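Shown next: input.cif, containing mmCIF, C-alpha atoms.
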data_input
loop_
_atom_site.group_PDB
_atom_site.id
_atom_site.type_symbol
_atom_site.label_atom_id
_atom_site.label_comp_id
_atom_site.auth_asym_id
_atom_site.auth_seq_id
_atom_site.Cartn_x
_atom_site.Cartn_y
_atom_site.Cartn_z
ATOM 1 C CA MET A 19 -1.875 -18.132 6.250
ATOM 2 C CA LYS A 20 -0.532 -15.770 8.918
ATOM 3 C CA LEU A 21 -0.986 -12.260 7.493
ATOM 4 C CA LEU A 22 0.117 -9.083 9.276
ATOM 5 C CA ILE A 23 -0.712 -5.542 8.090
ATOM 6 C CA LEU A 24 1.652 -2.736 9.110
ATOM 7 C CA ASP A 25 1.638 1.008 8.671
ATOM 8 C CA ARG A 26 4.817 2.473 7.136
ATOM 9 C CA ASP A 27 5.787 5.957 8.354
ATOM 10 C CA GLY A 28 6.382 6.002 12.106
ATOM 11 C CA THR A 29 6.202 2.194 12.238
ATOM 12 C CA LEU A 30 9.031 0.966 9.966
ATOM 13 C CA ASN A 31 10.699 4.310 9.341
ATOM 14 C CA ARG A 32 10.950 7.678 11.028
ATOM 15 C CA SER A 33 7.963 9.874 10.308
ATOM 16 C CA ARG A 34 8.356 13.520 9.399
ATOM 17 C CA ASP A 35 6.260 16.609 9.995
ATOM 18 C CA ASP A 36 5.785 16.909 6.229
ATOM 19 C CA TYR A 37 6.279 13.843 3.987
ATOM 20 C CA VAL A 38 8.897 11.226 3.284
ATOM 21 C CA ALA A 39 9.282 12.361 -0.314
ATOM 22 C CA SER A 40 12.598 10.831 -1.420
ATOM 23 C CA PRO A 41 14.764 7.802 -0.660
ATOM 24 C CA ASP A 42 17.205 10.056 1.224
ATOM 25 C CA GLU A 43 14.387 10.926 3.652
ATOM 26 C CA TRP A 44 13.466 7.292 4.344
ATOM 27 C CA GLU A 45 15.261 6.191 7.521
ATOM 28 C CA ALA A 46 14.403 2.912 9.243
ATOM 29 C CA LEU A 47 13.537 3.038 12.937
ATOM 30 C CA PRO A 48 16.052 1.229 15.152
ATOM 31 C CA GLY A 49 15.167 -2.458 15.342
ATOM 32 C CA ALA A 50 12.130 -2.226 13.060
ATOM 33 C CA LEU A 51 13.589 -4.106 10.099
ATOM 34 C CA GLU A 52 14.937 -6.805 12.389
ATOM 35 C CA ALA A 53 11.454 -7.110 13.924
ATOM 36 C CA VAL A 54 10.050 -7.797 10.448
ATOM 37 C CA ALA A 55 12.741 -10.459 9.964
ATOM 38 C CA ARG A 56 11.708 -12.171 13.223
ATOM 39 C CA LEU A 57 8.062 -12.035 12.182
ATOM 40 C CA ASN A 58 8.907 -13.553 8.789
ATOM 41 C CA GLN A 59 10.889 -16.314 10.502
ATOM 42 C CA GLY A 60 7.808 -16.948 12.663
ATOM 43 C CA GLY A 61 5.747 -17.564 9.522
ATOM 44 C CA TRP A 62 4.113 -14.127 9.217
ATOM 45 C CA ARG A 63 3.548 -12.608 5.786
ATOM 46 C CA VAL A 64 3.961 -8.847 6.224
ATOM 47 C CA VAL A 65 2.113 -6.314 4.068
ATOM 48 C CA LEU A 66 2.051 -2.513 4.322
ATOM 49 C CA ALA A 67 -1.024 -0.262 4.151
ATOM 50 C CA THR A 68 -0.020 3.385 3.899
ATOM 51 C CA ASN A 69 -1.556 6.746 3.030
ATOM 52 C CA GLN A 70 0.671 8.602 0.565
ATOM 53 C CA SER A 71 -1.318 11.767 -0.090
ATOM 54 C CA GLY A 72 1.874 13.593 -1.079
ATOM 55 C CA ILE A 73 1.251 12.092 -4.524
ATOM 56 C CA GLY A 74 -2.269 13.529 -4.753
ATOM 57 C CA ARG A 75 -1.015 16.856 -3.438
ATOM 58 C CA GLY A 76 1.721 16.973 -6.101
ATOM 59 C CA LEU A 77 4.578 16.930 -3.552
ATOM 60 C CA PHE A 78 6.242 13.833 -5.013
ATOM 61 C CA ASP A 79 5.493 11.366 -7.789
ATOM 62 C CA MET A 80 5.287 7.605 -8.343
ATOM 63 C CA VAL A 81 8.938 7.464 -9.418
ATOM 64 C CA SER A 82 9.953 8.853 -6.012
ATOM 65 C CA LEU A 83 7.574 6.524 -4.132
ATOM 66 C CA ASN A 84 8.933 3.510 -6.038
ATOM 67 C CA ALA A 85 12.500 4.593 -5.248
ATOM 68 C CA ILE A 86 11.621 4.925 -1.540
ATOM 69 C CA HIS A 87 10.144 1.443 -1.516
ATOM 70 C CA ALA A 88 13.119 0.025 -3.438
ATOM 71 C CA LYS A 89 15.409 1.375 -0.693
ATOM 72 C CA MET A 90 13.101 -0.058 1.981
ATOM 73 C CA HIS A 91 13.094 -3.506 0.304
ATOM 74 C CA ARG A 92 16.908 -3.478 -0.015
ATOM 75 C CA GLN A 93 17.345 -2.639 3.664
ATOM 76 C CA LEU A 94 14.813 -5.291 4.685
ATOM 77 C CA ALA A 95 16.575 -7.905 2.553
ATOM 78 C CA ALA A 96 19.928 -6.996 4.134
ATOM 79 C CA VAL A 97 18.615 -8.213 7.519
ATOM 80 C CA GLY A 98 16.768 -11.233 6.108
ATOM 81 C CA ALA A 99 13.340 -9.567 6.146
ATOM 82 C CA ARG A 100 10.613 -9.230 3.556
ATOM 83 C CA VAL A 101 7.509 -7.109 3.043
ATOM 84 C CA GLU A 102 5.370 -8.967 0.514
ATOM 85 C CA ALA A 103 3.422 -5.995 -0.841
ATOM 86 C CA VAL A 104 2.816 -2.297 -0.298
ATOM 87 C CA PHE A 105 -0.772 -1.107 -0.642
ATOM 88 C CA PHE A 106 -0.998 2.669 -0.717
ATOM 89 C CA CYS A 107 -3.555 5.397 -1.164
ATOM 90 C CA PRO A 108 -2.235 8.168 -3.431
ATOM 91 C CA HIS A 109 -5.268 10.430 -2.981
ATOM 92 C CA ALA A 110 -5.540 13.804 -1.283
ATOM 93 C CA PRO A 111 -8.114 14.114 1.535
ATOM 94 C CA GLU A 112 -10.544 16.084 -0.646
ATOM 95 C CA ASP A 113 -10.735 13.182 -3.118
ATOM 96 C CA ALA A 114 -13.045 11.353 -0.677
ATOM 97 C CA CYS A 115 -11.813 7.926 -1.808
ATOM 98 C CA ARG A 116 -12.469 4.615 -0.067
ATOM 99 C CA CYS A 117 -8.786 3.702 0.265
ATOM 100 C CA ARG A 118 -7.538 6.643 2.347
ATOM 101 C CA LYS A 119 -7.303 5.625 5.983
ATOM 102 C CA PRO A 120 -9.368 5.826 8.206
ATOM 103 C CA ALA A 121 -11.562 4.289 5.464
ATOM 104 C CA PRO A 122 -11.056 0.500 5.299
ATOM 105 C CA GLY A 123 -10.424 0.175 1.531
ATOM 106 C CA LEU A 124 -6.701 -0.677 1.677
ATOM 107 C CA PHE A 125 -7.360 -3.420 4.221
ATOM 108 C CA GLU A 126 -10.200 -4.833 2.142
ATOM 109 C CA GLN A 127 -7.924 -4.868 -0.933
ATOM 110 C CA ILE A 128 -5.283 -6.755 1.070
ATOM 111 C CA GLY A 129 -7.831 -9.315 2.281
ATOM 112 C CA GLU A 130 -9.045 -9.878 -1.281
ATOM 113 C CA ARG A 131 -5.554 -10.122 -2.783
ATOM 114 C CA PHE A 132 -4.280 -12.590 -0.199
ATOM 115 C CA GLY A 133 -7.555 -14.460 0.261
ATOM 116 C CA ALA A 134 -7.198 -14.070 4.008
ATOM 117 C CA PRO A 135 -9.919 -13.447 6.592
ATOM 118 C CA LEU A 136 -9.115 -10.062 8.115
ATOM 119 C CA ALA A 137 -10.423 -11.166 11.519
ATOM 120 C CA HIS A 138 -7.195 -13.202 11.752
ATOM 121 C CA ALA A 139 -4.894 -10.519 10.290
ATOM 122 C CA PRO A 140 -3.487 -8.286 13.041
ATOM 123 C CA ALA A 141 -2.839 -4.666 12.103
ATOM 124 C CA ALA A 142 -0.075 -2.695 13.808
ATOM 125 C CA GLY A 143 0.836 0.932 13.341
ATOM 126 C CA ASN A 144 1.435 4.229 15.061
ATOM 127 C CA SER A 145 -1.519 6.249 13.802
ATOM 128 C CA ILE A 146 -5.081 6.303 15.059
ATOM 129 C CA ARG A 147 -6.199 6.404 11.389
ATOM 130 C CA HIS A 148 -4.490 3.060 10.773
ATOM 131 C CA MET A 149 -6.257 1.612 13.824
ATOM 132 C CA GLU A 150 -9.656 2.977 12.750
ATOM 133 C CA ALA A 151 -9.310 1.603 9.206
ATOM 134 C CA ALA A 152 -8.132 -1.769 10.492
ATOM 135 C CA ALA A 153 -10.990 -2.046 12.984
ATOM 136 C CA ARG A 154 -13.546 -1.124 10.301
ATOM 137 C CA ALA A 155 -12.152 -3.939 8.147
ATOM 138 C CA GLY A 156 -12.346 -6.383 11.059
ATOM 139 C CA CYS A 157 -8.634 -6.670 11.942
ATOM 140 C CA PRO A 158 -7.367 -6.971 15.516
ATOM 141 C CA THR A 159 -5.633 -3.637 16.262
ATOM 142 C CA HIS A 160 -2.248 -2.942 17.867
ATOM 143 C CA LEU A 161 -1.077 0.638 18.443
ATOM 144 C CA LEU A 162 2.678 1.189 18.478
ATOM 145 C CA LEU A 163 3.866 4.041 20.693
ATOM 146 C CA THR A 164 6.181 5.431 18.025
ATOM 147 C CA GLY A 165 5.770 8.191 15.437
ATOM 148 C CA LYS A 166 2.359 9.843 15.758
ATOM 149 C CA SER A 167 1.606 7.993 19.005
ATOM 150 C CA GLU A 168 4.944 8.501 20.745
ATOM 151 C CA HIS A 169 3.343 11.180 22.941
ATOM 152 C CA LEU A 170 1.253 8.421 24.587
ATOM 153 C CA ARG A 171 4.333 6.550 25.808
ATOM 154 C CA GLY A 172 4.355 6.308 29.588
ATOM 155 C CA ARG A 173 0.791 7.602 29.844
ATOM 156 C CA LEU A 174 -1.026 4.292 29.393
ATOM 157 C CA GLY A 175 -1.455 1.547 31.950
ATOM 158 C CA PRO A 176 -0.796 -2.161 31.459
ATOM 159 C CA GLY A 177 -2.342 -3.378 28.226
ATOM 160 C CA GLY A 178 -2.943 0.235 27.163
ATOM 161 C CA VAL A 179 -6.267 0.622 28.913
ATOM 162 C CA GLN A 180 -5.692 3.366 31.479
ATOM 163 C CA ASP A 181 -7.334 6.615 30.323
ATOM 164 C CA ILE A 182 -7.165 5.480 26.705
ATOM 165 C CA ALA A 183 -10.531 7.056 25.887
ATOM 166 C CA ALA A 184 -9.325 10.437 27.124
ATOM 167 C CA LEU A 185 -5.909 10.235 25.468
ATOM 168 C CA ALA A 186 -7.003 8.801 22.121
ATOM 169 C CA PRO A 187 -10.805 8.998 21.837
ATOM 170 C CA ASN A 188 -10.932 7.542 18.297
ATOM 171 C CA LEU A 189 -8.861 4.487 19.157
ATOM 172 C CA PRO A 190 -10.902 1.297 18.708
ATOM 173 C CA PRO A 191 -11.707 -0.061 22.186
ATOM 174 C CA ALA A 192 -10.043 -3.489 21.880
ATOM 175 C CA THR A 193 -6.711 -2.029 20.706
ATOM 176 C CA MET A 194 -3.595 -3.265 22.473
ATOM 177 C CA THR A 195 -0.542 -1.022 22.786
ATOM 178 C CA HIS A 196 3.145 -1.870 22.375
ATOM 179 C CA GLU A 197 6.276 0.253 22.808
ATOM 180 C CA ASN A 198 7.435 -0.288 19.215
ATOM 181 C CA LEU A 199 7.434 -2.804 16.373
ATOM 182 C CA GLY A 200 10.028 -4.959 18.130
ATOM 183 C CA ALA A 201 7.892 -5.222 21.272
ATOM 184 C CA PHE A 202 4.839 -6.048 19.171
ATOM 185 C CA ALA A 203 6.794 -8.740 17.306
ATOM 186 C CA ASP A 204 7.905 -10.254 20.625
ATOM 187 C CA TRP A 205 4.289 -10.299 21.847
ATOM 188 C CA LEU A 206 2.895 -11.751 18.611
ATOM 189 C CA LEU A 207 5.526 -14.470 18.351
ATOM 190 C CA ALA A 208 4.829 -15.512 21.948
ATOM 191 C CA GLN A 209 1.120 -16.143 21.226
ATOM 192 C CA PRO A 210 -0.005 -19.763 20.953
ATOM 193 C CA ALA A 211 -0.603 -20.972 17.410
ATOM 194 C CA THR A 212 -4.274 -21.094 16.401
ATOM 195 C CA ASN A 213 -5.287 -23.561 13.700
#

Rewrite the structure of this file - the entire thing - as structure tokens.
Amino acid sequence: MKLLILDRDGTLNRSRDDYVASPDEWEALPGALEAVARLNQGGWRVVLATNQSGIGRGLFDMVSLNAIHAKMHRQLAAVGARVEAVFFCPHAPEDACRCRKPAPGLFEQIGERFGAPLAHAPAAGNSIRHMEAAARAGCPTHLLLTGKSEHLRGRLGPGGVQDIAALAPNLPPATMTHENLGAFADWLLAQPATN
């Protein structure tokens, strides 16, 4: 099974300074949904792992989160794309749970649910927290220079290695960087099959 774990805000949709708290605030990034469609066509099963602490903070509720994801699924389907599941952490930071990224709990839950070895499940997202959680769970990590990492665009050398420690000190060392989800999809689909 080819399993891919993506972040949500800043990866599939525009991130906000506060929270995406309603369907009206969920806006897909240009080309992101089409990138998921290409990945699906290439045999990749796509799953999301996302922190949603707005629930724990009382800023929105499960009804709103479900409505946001219903809109996301409709827009994905309209371009022939599919996200198989959304794993989310509803807790506030002070809850000290195991599922809030950078803890690896969401990734471990995904590995258990899909019966997939996480060492073969790439993780792509725009936040250092997503990268840290993925690396702790054993996933290969791919930082997208969108959303929370857009400020790094143009500041990294080929392969994302130039001054990476200074620019993003918590980034796992083997992390590759890509301009956006479309560029990552192009890279991943160009890799030789491993069986």

Problem - Atomic distance CA of Pro48 (chain A) - CA of Pro158 (chain A), expressed in Å with one decimal - result: 24.8 Å

Fill in the blank from the handout: Trp44 (chain A) proximity check over A:Leu161, A:Val65, A:Leu83, A:Val101, using all atoms listed in the file: winner is A:Leu83

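For the set A:Asn31, A:Ser71, A:Gln127, A:Ser40, the residue with the smallest atom-to-atom gap to Phe105 (chain A) is A:Gln127, counting all atoms listed in the file.
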
Practice task
Tell me which residues the PyMOL selection byres ((chain A and resi 124) around 12) grabs here, as JSON, numbers by chain.
Solution key: {"A": [23, 24, 25, 65, 66, 67, 68, 69, 70, 103, 104, 105, 106, 107, 108, 115, 116, 117, 118, 119, 120, 121, 122, 123, 125, 126, 127, 128, 129, 130, 131, 136, 141, 148, 151, 152, 154, 155]}

Problem - Gap from CA of Gln59 (chain A) to CA of Arg92 (chain A) - Å, one decimal - result: 17.7 Å

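When CA of Met19 (chain A) is paired with CA of Gly143 (chain A), their separation reads 20.5 Å.
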
Practice task
Return the single residue from A:Gly60, A:Gly28, A:Gly156, A:Gly72 that is closest to Ala203 (chain A), with distances computed using all atoms listed in the file.
Solution key: A:Gly60

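Residue nearest Gly61 (chain A), chosen from A:His138, A:Met90, A:Thr195, A:Lys20 and counting only C-alpha atoms: A:Lys20.
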
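Each of A:Asp79, A:Glu102, A:Glu150, A:Asp27 was checked against Ala50 (chain A) using all atoms listed in the file; the smallest atom-to-atom distance is that of A:Asp27.
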
Practice task
Spell out the residues picked by the PyMOL selection byres ((chain A and resi 160) around 12) here, as an NGL selection string.
Solution key: :A and (22-25 or 29 or 139-146 or 148-150 or 152-153 or 157-159 or 161-164 or 167 or 177-178 or 189-199 or 201-203 or 205-206)

Once 3 Å is added on each side, what are the centre and the three edge lengths, in Å to one decimal, of the axis-aligned box enclosing the listed atoms of region 123-137 of chain A? Present them as AutoDock Vina command-line options.
--center_x -7.4 --center_y -7.1 --center_z 4.4 --size_x 12.1 --size_y 20.6 --size_z 20.3

Exercise for the section: Can you give me, as a VMD selection string, the residues this file yields under the PyMOL selection byres ((chain A and resi 42) around 12)? Expected result: chain A and resid 31 to 32 37 to 41 43 to 46 82 to 83 85 to 90

Problem - Which of A:Asp35, A:Leu185, A:Ala95, A:Asn84 sits closest to Leu51 (chain A) [using all atoms listed in the file] - result: A:Ala95

Could you rebuild region 186-209 of chain A with N, CA, C and O atoms and give it back as a PDB file, keeping the file's coordinate frame?
ATOM      1  N   ALA A 186      -6.831   9.090  23.553  1.00  0.00           N
ATOM      2  CA  ALA A 186      -7.003   8.801  22.121  1.00  0.00           C
ATOM      3  C   ALA A 186      -8.454   8.380  21.901  1.00  0.00           C
ATOM      4  O   ALA A 186      -8.746   7.196  21.756  1.00  0.00           O
ATOM      5  N   PRO A 187      -9.383   9.339  21.874  1.00  0.00           N
ATOM      6  CA  PRO A 187     -10.805   8.998  21.837  1.00  0.00           C
ATOM      7  C   PRO A 187     -11.242   8.204  20.609  1.00  0.00           C
ATOM      8  O   PRO A 187     -12.228   7.487  20.675  1.00  0.00           O
ATOM      9  N   ASN A 188     -10.535   8.280  19.501  1.00  0.00           N
ATOM     10  CA  ASN A 188     -10.932   7.542  18.297  1.00  0.00           C
ATOM     11  C   ASN A 188     -10.309   6.157  18.201  1.00  0.00           C
ATOM     12  O   ASN A 188     -10.544   5.434  17.238  1.00  0.00           O
ATOM     13  N   LEU A 189      -9.509   5.789  19.187  1.00  0.00           N
ATOM     14  CA  LEU A 189      -8.861   4.487  19.157  1.00  0.00           C
ATOM     15  C   LEU A 189      -9.895   3.392  19.384  1.00  0.00           C
ATOM     16  O   LEU A 189     -10.664   3.449  20.340  1.00  0.00           O
ATOM     17  N   PRO A 190      -9.952   2.389  18.503  1.00  0.00           N
ATOM     18  CA  PRO A 190     -10.902   1.297  18.708  1.00  0.00           C
ATOM     19  C   PRO A 190     -10.706   0.664  20.089  1.00  0.00           C
ATOM     20  O   PRO A 190      -9.572   0.476  20.537  1.00  0.00           O
ATOM     21  N   PRO A 191     -11.792   0.340  20.783  1.00  0.00           N
ATOM     22  CA  PRO A 191     -11.707  -0.061  22.186  1.00  0.00           C
ATOM     23  C   PRO A 191     -10.874  -1.306  22.475  1.00  0.00           C
ATOM     24  O   PRO A 191     -10.288  -1.405  23.530  1.00  0.00           O
ATOM     25  N   ALA A 192     -10.791  -2.254  21.586  1.00  0.00           N
ATOM     26  CA  ALA A 192     -10.043  -3.489  21.880  1.00  0.00           C
ATOM     27  C   ALA A 192      -8.566  -3.394  21.506  1.00  0.00           C
ATOM     28  O   ALA A 192      -7.844  -4.386  21.557  1.00  0.00           O
ATOM     29  N   THR A 193      -8.095  -2.200  21.155  1.00  0.00           N
ATOM     30  CA  THR A 193      -6.711  -2.029  20.706  1.00  0.00           C
ATOM     31  C   THR A 193      -5.720  -2.278  21.831  1.00  0.00           C
ATOM     32  O   THR A 193      -5.876  -1.756  22.931  1.00  0.00           O
ATOM     33  N   MET A 194      -4.708  -3.070  21.541  1.00  0.00           N
ATOM     34  CA  MET A 194      -3.595  -3.265  22.473  1.00  0.00           C
ATOM     35  C   MET A 194      -2.486  -2.282  22.094  1.00  0.00           C
ATOM     36  O   MET A 194      -2.390  -1.870  20.935  1.00  0.00           O
ATOM     37  N   THR A 195      -1.657  -1.924  23.070  1.00  0.00           N
ATOM     38  CA  THR A 195      -0.542  -1.022  22.786  1.00  0.00           C
ATOM     39  C   THR A 195       0.785  -1.731  23.046  1.00  0.00           C
ATOM     40  O   THR A 195       0.877  -2.630  23.882  1.00  0.00           O
ATOM     41  N   HIS A 196       1.800  -1.296  22.273  1.00  0.00           N
ATOM     42  CA  HIS A 196       3.145  -1.870  22.375  1.00  0.00           C
ATOM     43  C   HIS A 196       4.134  -0.723  22.201  1.00  0.00           C
ATOM     44  O   HIS A 196       3.876   0.228  21.453  1.00  0.00           O
ATOM     45  N   GLU A 197       5.280  -0.821  22.856  1.00  0.00           N
ATOM     46  CA  GLU A 197       6.276   0.253  22.808  1.00  0.00           C
ATOM     47  C   GLU A 197       6.741   0.564  21.392  1.00  0.00           C
ATOM     48  O   GLU A 197       6.951   1.713  21.042  1.00  0.00           O
ATOM     49  N   ASN A 198       6.922  -0.472  20.575  1.00  0.00           N
ATOM     50  CA  ASN A 198       7.435  -0.288  19.215  1.00  0.00           C
ATOM     51  C   ASN A 198       7.202  -1.584  18.444  1.00  0.00           C
ATOM     52  O   ASN A 198       6.629  -2.542  18.984  1.00  0.00           O
ATOM     53  N   LEU A 199       7.662  -1.621  17.209  1.00  0.00           N
ATOM     54  CA  LEU A 199       7.434  -2.804  16.373  1.00  0.00           C
ATOM     55  C   LEU A 199       8.143  -4.028  16.942  1.00  0.00           C
ATOM     56  O   LEU A 199       7.613  -5.142  16.890  1.00  0.00           O
ATOM     57  N   GLY A 200       9.314  -3.841  17.523  1.00  0.00           N
ATOM     58  CA  GLY A 200      10.028  -4.959  18.130  1.00  0.00           C
ATOM     59  C   GLY A 200       9.248  -5.572  19.284  1.00  0.00           C
ATOM     60  O   GLY A 200       9.148  -6.796  19.406  1.00  0.00           O
ATOM     61  N   ALA A 201       8.682  -4.722  20.136  1.00  0.00           N
ATOM     62  CA  ALA A 201       7.892  -5.222  21.272  1.00  0.00           C
ATOM     63  C   ALA A 201       6.635  -5.925  20.778  1.00  0.00           C
ATOM     64  O   ALA A 201       6.232  -6.964  21.331  1.00  0.00           O
ATOM     65  N   PHE A 202       6.006  -5.385  19.744  1.00  0.00           N
ATOM     66  CA  PHE A 202       4.839  -6.048  19.171  1.00  0.00           C
ATOM     67  C   PHE A 202       5.219  -7.410  18.602  1.00  0.00           C
ATOM     68  O   PHE A 202       4.522  -8.404  18.807  1.00  0.00           O
ATOM     69  N   ALA A 203       6.343  -7.473  17.884  1.00  0.00           N
ATOM     70  CA  ALA A 203       6.794  -8.740  17.306  1.00  0.00           C
ATOM     71  C   ALA A 203       7.026  -9.766  18.410  1.00  0.00           C
ATOM     72  O   ALA A 203       6.610 -10.928  18.289  1.00  0.00           O
ATOM     73  N   ASP A 204       7.670  -9.344  19.503  1.00  0.00           N
ATOM     74  CA  ASP A 204       7.905 -10.254  20.625  1.00  0.00           C
ATOM     75  C   ASP A 204       6.578 -10.793  21.156  1.00  0.00           C
ATOM     76  O   ASP A 204       6.437 -11.990  21.418  1.00  0.00           O
ATOM     77  N   TRP A 205       5.599  -9.891  21.325  1.00  0.00           N
ATOM     78  CA  TRP A 205       4.289 -10.299  21.847  1.00  0.00           C
ATOM     79  C   TRP A 205       3.615 -11.278  20.885  1.00  0.00           C
ATOM     80  O   TRP A 205       3.130 -12.332  21.301  1.00  0.00           O
ATOM     81  N   LEU A 206       3.604 -10.930  19.591  1.00  0.00           N
ATOM     82  CA  LEU A 206       2.895 -11.751  18.611  1.00  0.00           C
ATOM     83  C   LEU A 206       3.521 -13.139  18.497  1.00  0.00           C
ATOM     84  O   LEU A 206       2.817 -14.152  18.436  1.00  0.00           O
ATOM     85  N   LEU A 207       4.837 -13.190  18.492  1.00  0.00           N
ATOM     86  CA  LEU A 207       5.526 -14.470  18.351  1.00  0.00           C
ATOM     87  C   LEU A 207       5.376 -15.350  19.592  1.00  0.00           C
ATOM     88  O   LEU A 207       5.553 -16.568  19.515  1.00  0.00           O
ATOM     89  N   ALA A 208       5.025 -14.748  20.719  1.00  0.00           N
ATOM     90  CA  ALA A 208       4.829 -15.512  21.948  1.00  0.00           C
ATOM     91  C   ALA A 208       3.413 -16.075  22.074  1.00  0.00           C
ATOM     92  O   ALA A 208       3.145 -16.879  22.961  1.00  0.00           O
ATOM     93  N   GLN A 209       2.509 -15.673  21.153  1.00  0.00           N
ATOM     94  CA  GLN A 209       1.120 -16.143  21.226  1.00  0.00           C
ATOM     95  C   GLN A 209       1.028 -17.589  20.763  1.00  0.00           C
ATOM     96  O   GLN A 209       1.740 -17.992  19.841  1.00  0.00           O
TER      97      GLN A 209
END
